[in-house]
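Printed here is work.csv (CSV, C-alpha atoms and all ligand atoms):
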chain,number,residue,atom,x,y,z
A,10,MET,CA,10.4,-41.8,29.1
A,11,ARG,CA,9.9,-45.0,27.2
A,12,ILE,CA,8.2,-44.0,24.0
A,13,GLY,CA,6.5,-46.3,21.4
A,14,VAL,CA,6.6,-45.4,17.7
A,15,LEU,CA,4.3,-46.8,15.0
A,16,THR,CA,3.5,-46.1,11.3
A,17,GLY,CA,-0.1,-46.9,10.1
A,18,GLY,CA,-2.2,-46.9,7.0
A,19,GLY,CA,-0.8,-46.8,3.4
A,20,ASP,CA,3.0,-46.4,3.5
A,21,CYS,CA,4.5,-43.3,2.0
A,22,PRO,CA,8.0,-41.9,1.2
A,23,GLY,CA,9.4,-40.1,4.3
A,24,LEU,CA,8.2,-42.4,7.1
A,25,ASN,CA,11.7,-43.5,7.8
A,26,ALA,CA,13.0,-39.9,7.9
A,27,VAL,CA,10.4,-39.2,10.7
A,28,ILE,CA,11.5,-42.3,12.7
A,29,ARG,CA,15.1,-41.4,12.3
A,30,ALA,CA,14.6,-37.8,13.5
A,31,VAL,CA,12.4,-38.8,16.5
A,32,VAL,CA,15.0,-41.4,17.7
A,33,ARG,CA,18.1,-39.3,17.0
A,34,LYS,CA,16.8,-36.2,18.9
A,35,GLY,CA,14.9,-38.2,21.5
A,36,VAL,CA,18.1,-40.2,22.5
A,37,LYS,CA,20.8,-37.5,22.0
A,38,GLU,CA,19.0,-34.5,23.4
A,39,TYR,CA,16.5,-35.9,25.8
A,40,GLY,CA,17.8,-39.3,26.8
A,41,HIS,CA,14.5,-41.1,26.1
A,42,GLU,CA,14.2,-44.8,25.2
A,43,PHE,CA,12.2,-46.1,22.2
A,44,ILE,CA,10.4,-49.2,21.2
A,45,GLY,CA,9.1,-49.8,17.6
A,46,PHE,CA,5.6,-51.2,17.2
A,47,ARG,CA,5.3,-53.3,14.1
A,48,ASP,CA,2.6,-53.0,11.4
A,49,GLY,CA,0.5,-50.0,12.5
A,50,TRP,CA,-2.1,-50.5,15.3
A,51,ARG,CA,-1.6,-54.3,15.0
A,52,GLY,CA,1.7,-53.8,16.9
A,53,PRO,CA,0.3,-52.5,20.2
A,54,LEU,CA,-2.8,-54.7,19.8
A,55,GLU,CA,-0.8,-57.9,19.6
A,56,GLY,CA,2.4,-56.9,21.3
A,57,LEU,CA,4.5,-56.9,18.1
A,58,THR,CA,7.6,-54.9,18.8
A,59,MET,CA,11.2,-54.3,17.5
A,60,PRO,CA,14.2,-52.5,19.0
A,61,LEU,CA,14.4,-48.9,18.0
A,62,ASP,CA,17.7,-47.1,18.8
A,63,ILE,CA,20.1,-44.9,16.9
A,64,PRO,CA,22.0,-47.9,15.2
A,65,ALA,CA,18.6,-49.2,14.1
A,66,THR,CA,17.8,-46.0,12.3
A,67,ARG,CA,21.1,-45.4,10.6
A,68,GLY,CA,21.0,-45.2,6.7
A,69,ILE,CA,17.2,-45.1,6.5
A,70,LEU,CA,16.8,-41.4,5.5
A,71,PRO,CA,16.5,-42.1,1.7
A,72,ARG,CA,14.7,-45.4,2.0
A,73,GLY,CA,11.0,-45.5,1.0
A,74,GLY,CA,8.4,-47.5,3.0
A,75,THR,CA,8.8,-48.0,6.7
A,76,ILE,CA,11.2,-50.1,8.7
A,77,LEU,CA,8.4,-50.6,11.2
A,78,GLY,CA,5.9,-52.0,8.7
A,79,SER,CA,2.4,-50.8,8.3
A,80,SER,CA,-1.2,-52.1,8.1
A,81,ARG,CA,-4.7,-50.8,8.0
A,82,THR,CA,-5.7,-52.6,11.2
A,83,ASN,CA,-8.5,-50.6,12.9
A,84,PRO,CA,-8.7,-51.2,16.7
A,85,SER,CA,-12.0,-49.4,16.8
A,86,LYS,CA,-13.5,-52.3,14.8
A,87,ILE,CA,-12.1,-55.0,17.2
A,88,GLU,CA,-13.8,-55.8,20.4
A,89,ASN,CA,-12.2,-53.7,23.2
A,90,GLY,CA,-9.5,-52.9,20.7
A,91,LEU,CA,-8.7,-49.4,22.1
A,92,GLU,CA,-8.8,-50.6,25.7
A,93,ARG,CA,-6.5,-53.5,24.9
A,94,ILE,CA,-4.0,-51.1,23.4
A,95,LYS,CA,-4.1,-48.9,26.5
A,96,GLU,CA,-3.6,-52.0,28.7
A,97,ASN,CA,-0.8,-53.4,26.6
A,98,LEU,CA,1.1,-50.1,26.6
A,99,ALA,CA,0.8,-49.9,30.4
A,100,ASN,CA,1.9,-53.6,30.8
A,101,ALA,CA,4.9,-53.0,28.5
A,102,GLY,CA,5.9,-49.9,30.5
A,103,ILE,CA,5.4,-47.6,27.6
A,104,ASP,CA,4.8,-44.0,28.7
A,105,ALA,CA,3.8,-42.5,25.4
A,106,LEU,CA,3.2,-43.1,21.8
A,107,ILE,CA,4.2,-41.3,18.6
A,108,ALA,CA,1.7,-42.3,15.9
A,109,ILE,CA,2.7,-41.5,12.3
A,110,GLY,CA,-0.3,-41.8,9.9
A,111,GLY,CA,-3.1,-40.3,7.9
A,112,GLU,CA,-6.7,-39.7,8.7
A,113,ASP,CA,-7.4,-43.3,9.8
A,114,THR,CA,-4.3,-43.9,12.0
A,115,LEU,CA,-4.6,-40.4,13.6
A,116,GLY,CA,-8.4,-41.0,14.1
A,117,VAL,CA,-7.5,-43.9,16.3
A,118,ALA,CA,-4.8,-41.8,18.0
A,119,THR,CA,-7.5,-39.2,18.7
A,120,LYS,CA,-9.7,-41.9,20.4
A,121,LEU,CA,-6.8,-43.2,22.5
A,122,ASP,CA,-6.0,-39.6,23.6
A,123,ALA,CA,-9.6,-39.3,24.8
A,124,LEU,CA,-9.0,-42.5,26.8
A,125,GLY,CA,-6.0,-40.9,28.5
A,126,VAL,CA,-3.2,-42.5,26.4
A,127,LYS,CA,-0.3,-40.0,26.0
A,128,VAL,CA,-0.1,-39.6,22.2
A,129,ILE,CA,1.5,-37.3,19.6
A,130,GLY,CA,0.5,-37.5,15.9
A,131,VAL,CA,2.6,-37.0,12.8
A,132,PRO,CA,0.7,-36.4,9.5
A,133,LYS,CA,1.6,-38.6,6.5
A,134,THR,CA,-0.2,-39.3,3.3
A,135,ILE,CA,0.6,-39.1,-0.4
A,136,ASP,CA,-3.0,-37.8,-0.8
A,137,ASN,CA,-2.3,-34.5,1.1
A,138,ASP,CA,-5.9,-34.6,2.4
A,139,LEU,CA,-5.2,-34.3,6.1
A,140,ASN,CA,-6.8,-31.2,7.6
A,141,ASN,CA,-4.9,-28.4,9.4
A,142,THR,CA,-1.5,-28.9,7.8
A,143,ASP,CA,-0.5,-27.2,4.6
A,144,TYR,CA,1.3,-30.3,3.3
A,145,THR,CA,1.8,-33.9,4.4
A,146,PHE,CA,5.1,-35.6,3.5
A,147,GLY,CA,4.9,-38.2,0.7
A,148,PHE,CA,2.8,-35.9,-1.4
A,149,ASP,CA,5.6,-34.1,-3.2
A,150,THR,CA,7.3,-37.5,-4.1
A,151,ALA,CA,4.0,-38.9,-5.4
A,152,VAL,CA,3.4,-35.7,-7.5
A,153,ASN,CA,6.9,-36.0,-9.0
A,154,VAL,CA,6.4,-39.6,-9.9
A,155,ALA,CA,3.1,-38.7,-11.6
A,156,MET,CA,4.7,-35.7,-13.4
A,157,GLU,CA,7.5,-37.8,-14.7
A,158,ALA,CA,4.9,-40.3,-16.0
A,159,ILE,CA,3.0,-37.5,-17.7
A,160,ASP,CA,6.2,-36.2,-19.3
A,161,ARG,CA,6.9,-39.7,-20.7
A,162,LEU,CA,3.3,-40.2,-21.9
A,163,HIS,CA,3.4,-36.9,-23.9
A,164,THR,CA,6.0,-38.3,-26.4
A,165,THR,CA,4.3,-41.6,-27.0
A,166,ALA,CA,0.9,-39.9,-27.3
A,167,GLU,CA,2.3,-37.6,-29.9
A,168,SER,CA,3.9,-40.5,-31.9
A,169,HIS,CA,0.6,-42.4,-32.1
A,170,HIS,CA,-1.9,-39.5,-32.2
A,171,ARG,CA,-3.6,-40.9,-29.2
A,172,ALA,CA,-5.4,-39.5,-26.1
A,173,LEU,CA,-3.6,-40.9,-23.1
A,174,ILE,CA,-5.2,-41.0,-19.7
A,175,VAL,CA,-3.2,-41.2,-16.4
A,176,GLU,CA,-5.1,-42.5,-13.4
A,177,VAL,CA,-3.5,-41.3,-10.2
A,178,MET,CA,-4.3,-41.9,-6.5
A,179,GLY,CA,-6.8,-39.9,-4.6
A,180,ARG,CA,-10.1,-41.4,-3.4
A,181,HIS,CA,-11.7,-38.3,-2.0
A,182,ALA,CA,-9.2,-35.5,-2.8
A,183,GLY,CA,-7.7,-34.6,-6.1
A,184,TRP,CA,-4.5,-33.0,-4.9
A,185,ILE,CA,-2.1,-35.4,-6.7
A,186,ALA,CA,-4.1,-35.1,-9.9
A,187,LEU,CA,-4.3,-31.3,-9.6
A,188,HIS,CA,-0.6,-30.8,-8.9
A,189,SER,CA,0.8,-33.4,-11.3
A,190,GLY,CA,-1.6,-32.3,-14.0
A,191,LEU,CA,-0.5,-28.7,-13.7
A,192,ALA,CA,3.1,-29.6,-13.6
A,193,GLY,CA,2.8,-32.0,-16.5
A,194,GLY,CA,0.7,-29.8,-18.8
A,195,ALA,CA,-2.4,-32.0,-18.9
A,196,ALA,CA,-5.2,-31.2,-21.4
A,197,CYS,CA,-7.6,-31.7,-18.5
A,198,ILE,CA,-7.6,-32.7,-14.8
A,199,LEU,CA,-10.5,-34.6,-13.3
A,200,ILE,CA,-10.8,-34.8,-9.5
A,201,PRO,CA,-13.3,-36.3,-7.0
A,202,GLU,CA,-14.4,-32.9,-5.8
A,203,GLN,CA,-15.9,-31.9,-9.2
A,204,ALA,CA,-18.1,-34.3,-11.1
A,205,PHE,CA,-17.0,-34.2,-14.7
A,206,SER,CA,-18.9,-34.0,-18.0
A,207,VAL,CA,-17.7,-36.7,-20.4
A,208,GLU,CA,-19.0,-34.4,-23.3
A,209,LYS,CA,-16.8,-31.6,-22.1
A,210,VAL,CA,-13.8,-33.9,-21.7
A,211,CYS,CA,-14.3,-35.0,-25.3
A,212,GLU,CA,-14.4,-31.4,-26.4
A,213,TRP,CA,-11.1,-30.7,-24.7
A,214,VAL,CA,-9.6,-33.8,-26.3
A,215,GLU,CA,-10.7,-32.8,-29.8
A,216,SER,CA,-9.5,-29.2,-29.3
A,217,ARG,CA,-6.0,-30.5,-28.3
A,218,PHE,CA,-5.8,-32.7,-31.4
A,219,LYS,CA,-6.8,-29.7,-33.5
A,220,THR,CA,-3.8,-27.8,-32.3
A,221,ASN,CA,-1.6,-30.8,-33.3
A,222,TYR,CA,-1.0,-31.9,-29.7
A,223,SER,CA,-2.1,-35.2,-28.3
A,224,PRO,CA,-4.0,-34.8,-25.1
A,225,ILE,CA,-3.0,-36.2,-21.7
A,226,ILE,CA,-5.9,-36.5,-19.3
A,227,VAL,CA,-5.1,-36.8,-15.6
A,228,ILE,CA,-7.8,-38.4,-13.6
A,229,ALA,CA,-7.9,-39.1,-9.8
A,230,GLU,CA,-9.1,-42.7,-9.0
A,231,GLY,CA,-12.1,-41.2,-7.1
A,232,ALA,CA,-13.2,-38.9,-9.9
A,233,ILE,CA,-16.8,-39.4,-10.9
A,234,PRO,CA,-18.8,-38.5,-14.1
A,235,GLN,CA,-21.8,-36.2,-13.7
A,236,ALA,CA,-24.9,-38.1,-12.8
A,237,GLY,CA,-23.0,-41.3,-12.6
A,238,ASP,CA,-21.8,-43.7,-10.0
A,239,MET,CA,-18.2,-44.2,-8.9
A,240,VAL,CA,-16.6,-46.8,-11.1
A,241,THR,CA,-14.8,-49.4,-9.0
A,242,LYS,CA,-12.9,-52.6,-9.7
A,243,ASP,CA,-14.6,-54.4,-6.8
A,244,GLN,CA,-16.7,-53.4,-3.9
A,245,SER,CA,-14.5,-54.8,-1.1
A,246,LEU,CA,-13.8,-52.5,1.8
A,247,ASP,CA,-10.7,-52.2,4.0
A,248,SER,CA,-11.1,-52.1,7.8
A,249,PHE,CA,-11.6,-48.4,7.8
A,250,GLY,CA,-14.6,-48.8,5.3
A,251,HIS,CA,-12.9,-47.5,2.2
A,252,VAL,CA,-13.8,-49.0,-1.1
A,253,ARG,CA,-10.9,-50.2,-3.3
A,254,LEU,CA,-10.8,-48.0,-6.4
A,255,SER,CA,-9.5,-48.3,-9.9
A,256,GLY,CA,-11.4,-48.4,-13.2
A,257,ILE,CA,-12.5,-44.9,-13.9
A,258,GLY,CA,-9.5,-44.3,-16.3
A,259,GLU,CA,-10.2,-47.3,-18.3
A,260,TRP,CA,-13.9,-46.4,-18.5
A,261,LEU,CA,-13.1,-42.9,-19.7
A,262,ALA,CA,-10.8,-44.2,-22.4
A,263,GLN,CA,-13.6,-46.3,-23.8
A,264,GLU,CA,-16.0,-43.3,-23.7
A,265,ILE,CA,-13.4,-41.1,-25.5
A,266,GLU,CA,-12.9,-43.7,-28.2
A,267,ALA,CA,-16.6,-44.2,-28.8
A,268,ARG,CA,-17.4,-40.5,-28.8
A,269,THR,CA,-14.4,-39.0,-30.7
A,270,GLY,CA,-13.2,-41.9,-32.9
A,271,LYS,CA,-9.7,-41.2,-31.5
A,272,GLU,CA,-7.6,-44.0,-30.0
A,273,ALA,CA,-7.3,-43.7,-26.2
A,274,ARG,CA,-5.3,-45.7,-23.7
A,275,THR,CA,-5.0,-45.6,-19.9
A,276,SER,CA,-2.1,-46.0,-17.5
A,277,VAL,CA,-2.9,-46.6,-13.9
A,278,LEU,CA,0.0,-45.5,-11.7
A,279,GLY,CA,-1.2,-47.1,-8.5
A,280,HIS,CA,1.3,-48.0,-5.9
A,281,ILE,CA,4.3,-46.8,-7.9
A,282,GLN,CA,3.3,-43.3,-6.6
A,283,ARG,CA,3.9,-44.6,-3.0
A,284,GLY,CA,7.1,-46.5,-3.4
A,285,GLY,CA,10.7,-45.6,-3.6
A,286,THR,CA,12.9,-42.8,-2.2
A,287,PRO,CA,11.4,-39.5,-0.9
A,288,SER,CA,12.1,-36.2,-2.7
A,289,ALA,CA,14.3,-33.7,-0.9
A,290,PHE,CA,11.2,-31.7,0.1
A,291,ASP,CA,9.6,-34.8,1.7
A,292,ARG,CA,12.9,-35.7,3.5
A,293,VAL,CA,13.2,-32.2,5.0
A,294,LEU,CA,9.5,-32.0,5.9
A,295,ALA,CA,9.4,-35.5,7.5
A,296,THR,CA,12.6,-34.8,9.4
A,297,ARG,CA,11.3,-31.5,10.8
A,298,PHE,CA,8.0,-33.2,11.7
A,299,GLY,CA,10.0,-35.9,13.6
A,300,LEU,CA,12.1,-33.3,15.4
A,301,HIS,CA,9.1,-31.3,16.5
A,302,ALA,CA,7.1,-34.4,17.5
A,303,ILE,CA,9.7,-35.7,19.9
A,304,THR,CA,9.9,-32.2,21.5
A,305,ALA,CA,6.1,-32.1,21.9
A,306,ALA,CA,6.3,-35.5,23.6
A,307,HIS,CA,9.2,-34.4,25.8
A,308,GLU,CA,7.2,-31.3,26.9
A,309,GLY,CA,4.1,-33.5,27.6
A,310,ASP,CA,1.9,-31.6,25.1
A,311,TRP,CA,-0.3,-34.7,24.5
A,312,GLY,CA,-3.2,-35.0,22.0
A,313,LYS,CA,-1.4,-32.8,19.5
A,314,MET,CA,-0.3,-33.3,15.9
A,315,VAL,CA,2.7,-31.5,14.4
A,316,ALA,CA,1.7,-29.6,11.3
A,317,LEU,CA,3.1,-27.4,8.6
A,318,HIS,CA,1.6,-23.8,8.6
A,319,GLY,CA,3.4,-21.7,6.0
A,320,THR,CA,7.1,-22.6,6.6
A,321,ASP,CA,6.6,-23.2,10.3
A,322,ILE,CA,6.1,-26.5,12.1
A,323,VAL,CA,3.3,-25.9,14.7
A,324,ARG,CA,1.2,-28.1,17.0
A,325,VAL,CA,-2.5,-28.5,16.5
A,326,PRO,CA,-5.1,-30.6,18.3
A,327,LEU,CA,-5.3,-34.1,16.9
A,328,ILE,CA,-9.0,-33.8,16.5
A,329,SER,CA,-8.7,-30.7,14.2
A,330,ALA,CA,-6.8,-32.9,11.7
A,331,THR,CA,-9.0,-35.9,11.7
A,332,GLY,CA,-12.5,-34.4,12.0
A,333,GLN,CA,-12.8,-33.7,8.2
A,334,LEU,CA,-10.7,-34.1,5.1
A,335,LYS,CA,-8.9,-31.3,3.3
A,336,THR,CA,-10.2,-31.4,-0.2
A,337,VAL,CA,-9.4,-29.2,-3.3
A,338,ASP,CA,-11.5,-26.1,-3.1
A,339,PRO,CA,-13.2,-24.9,-6.2
A,340,ALA,CA,-11.0,-21.8,-6.6
A,341,ARG,CA,-7.9,-23.9,-6.7
A,342,TYR,CA,-9.4,-26.1,-9.4
A,343,LYS,CA,-10.6,-23.0,-11.4
A,344,GLU,CA,-7.0,-21.8,-11.5
A,345,ALA,CA,-6.1,-24.9,-13.6
A,346,GLU,CA,-9.0,-24.7,-15.9
A,347,ILE,CA,-7.4,-22.1,-18.2
A,348,PHE,CA,-5.1,-24.8,-19.5
A,349,PHE,CA,-7.8,-27.3,-20.3
A,350,GLY,CA,-8.5,-28.1,-23.9
B,401,LIG,O1,-4.3,-43.2,1.4
B,401,LIG,C1,-3.3,-43.4,0.6
B,401,LIG,C2,-3.6,-44.3,-0.6
B,401,LIG,O2,-2.4,-44.4,-1.3
B,401,LIG,C3,-4.8,-43.7,-1.5
B,401,LIG,O3,-4.4,-42.7,-2.4
B,401,LIG,C4,-5.2,-45.0,-2.2
B,401,LIG,O4,-6.5,-44.9,-2.6
B,401,LIG,C5,-5.1,-46.0,-1.1
B,401,LIG,O5,-4.1,-45.5,-0.2
B,401,LIG,C6,-4.7,-47.4,-1.6
B,401,LIG,O6,-4.8,-48.2,-0.5
B,401,LIG,P1,-4.1,-49.7,-0.5
B,401,LIG,O7,-2.6,-49.5,-0.1
B,401,LIG,O8,-4.8,-50.4,0.6
B,401,LIG,O9,-4.2,-50.3,-1.8
So, in terms of structure tokens, how does the structure I just supplied come out?
Amino acid sequence: MRIGVLTGGGDCPGLNAVIRAVVRKGVKEYGHEFIGFRDGWRGPLEGLTMPLDIPATRGILPRGGTILGSSRTNPSKIENGLERIKENLANAGIDALIAIGGEDTLGVATKLDALGVKVIGVPKTIDNDLNNTDYTFGFDTAVNVAMEAIDRLHTTAESHHRALIVEVMGRHAGWIALHSGLAGGAACILIPEQAFSVEKVCEWVESRFKTNYSPIIVIAEGAIPQAGDMVTKDQSLDSFGHVRLSGIGEWLAQEIEARTGKEARTSVLGHIQRGGTPSAFDRVLATRFGLHAITAAHEGDWGKMVALHGTDIVRVPLISATGQLKTVDPARYKEAEIFFG
């Protein structure tokens, strides 16, 4: 078979490990041929390709980002976009597609599957909010970056007797905030799934100061105060309709200063969480996903996504992953609350 590979949406550490595993096993064990599509769905839409063989994938295992490039191009928003992709694939003699992406990219893959395109999905996102897989690769690396930042902030917070706020990624799901906050010993963790009370946050801040510790507050970019609106830097949307976030951390620092009289500062980690080399966990998960994805394609099990269930890699229907987001359930959040304040 001649198989196209693409990476779409926000990049994340481990994408190259998937590409390497797909190509290595696909060529060595099954004798398939590969073609790389550049920049997510823009590749098959506009015929942007690059050679993808074993030499092209050497040395990329520890490299962050994606050698194929990525974009948030949404073919569903382009006139006849999905049909054009189907036609372009057929004209280029591509038999099947391996799409590596999150909710948006795999949502498009689900629609192409319904149109009869032979497609296999591989789940990626630092947000870990894709349904029907226990973890996505990229998440562990992002959590480690955020944890290291929290560790560093503790010492400067102590020196200056300040409250320090760390704003992490997570528009709709608070997984990065929850895990990095737990790992880093945060005084409280604020996530999009649970609207927070500013008054309660200030109580936790004051109680931390009373015990001679300086509080670190971890807040997801999509967290919202009770009875308030989402605080956003601007209202522009990407092509999947997501608003660009950032601003809630800064807003909370001002509230804390005004209400407690303590100095507060905010660090926004932003894309630092997405860049750089993948952790060992993410390299192994991404590699296993790649190995299982090419086997699913070889066996013609189309319309599936590879997923982690426990320690096993399984195949699930694409639609089961993209129908709804996997958010933090209240019980998981409750576990962490014992450490607040
Ligand atoms: O979906 C991954 C993610 O990193 C989100 O956590 C974040 O809100 C968003 O992408 C940022 O998007 P962009 O790369 O377009 O700034």
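Reported to one decimal place, the separation of atom CA of A:Asn25 from atom CA of A:Asp104 is 22.0 Å.
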* Would you mind listing the residues within 7 Å of ligand LIG 401 (chain B), counting only C-alpha atoms and all ligand atoms, as JSON, numbers by chain? => {"A": [19, 134, 135, 136, 178, 179, 180, 253, 254, 280, 283]}
Quick one: write out the picked residues with C-alpha atoms as an mmCIF file, keeping the file's coordinate frame?
data_model
loop_
_atom_site.group_PDB
_atom_site.id
_atom_site.type_symbol
_atom_site.label_atom_id
_atom_site.label_comp_id
_atom_site.auth_asym_id
_atom_site.auth_seq_id
_atom_site.Cartn_x
_atom_site.Cartn_y
_atom_site.Cartn_z
ATOM 1 C CA GLY A 19 -0.800 -46.800 3.400
ATOM 2 C CA THR A 134 -0.200 -39.300 3.300
ATOM 3 C CA ILE A 135 0.600 -39.100 -0.400
ATOM 4 C CA ASP A 136 -3.000 -37.800 -0.800
ATOM 5 C CA MET A 178 -4.300 -41.900 -6.500
ATOM 6 C CA GLY A 179 -6.800 -39.900 -4.600
ATOM 7 C CA ARG A 180 -10.100 -41.400 -3.400
ATOM 8 C CA ARG A 253 -10.900 -50.200 -3.300
ATOM 9 C CA LEU A 254 -10.800 -48.000 -6.400
ATOM 10 C CA HIS A 280 1.300 -48.000 -5.900
ATOM 11 C CA ARG A 283 3.900 -44.600 -3.000
#
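Considering all atoms listed in the file, the residue among A:Leu61, A:Ala196, A:Leu162, A:Ile76 positioned nearest to A:Trp213 is A:Ala196.
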* Residue contacts of A:Glu266 (12 Å, only C-alpha atoms) excluding same-chain residues fewer than 4 positions away, as a ChimeraX atom specification -> /A:171-174,207,210-211,214-215,259-262,270-275
* To do: Tell me which of A:Gly68, A:Gly258, A:Gly350, A:Gly299 sits closest to A:Lys133, counting all atoms listed in the file.
  => A:Gly299
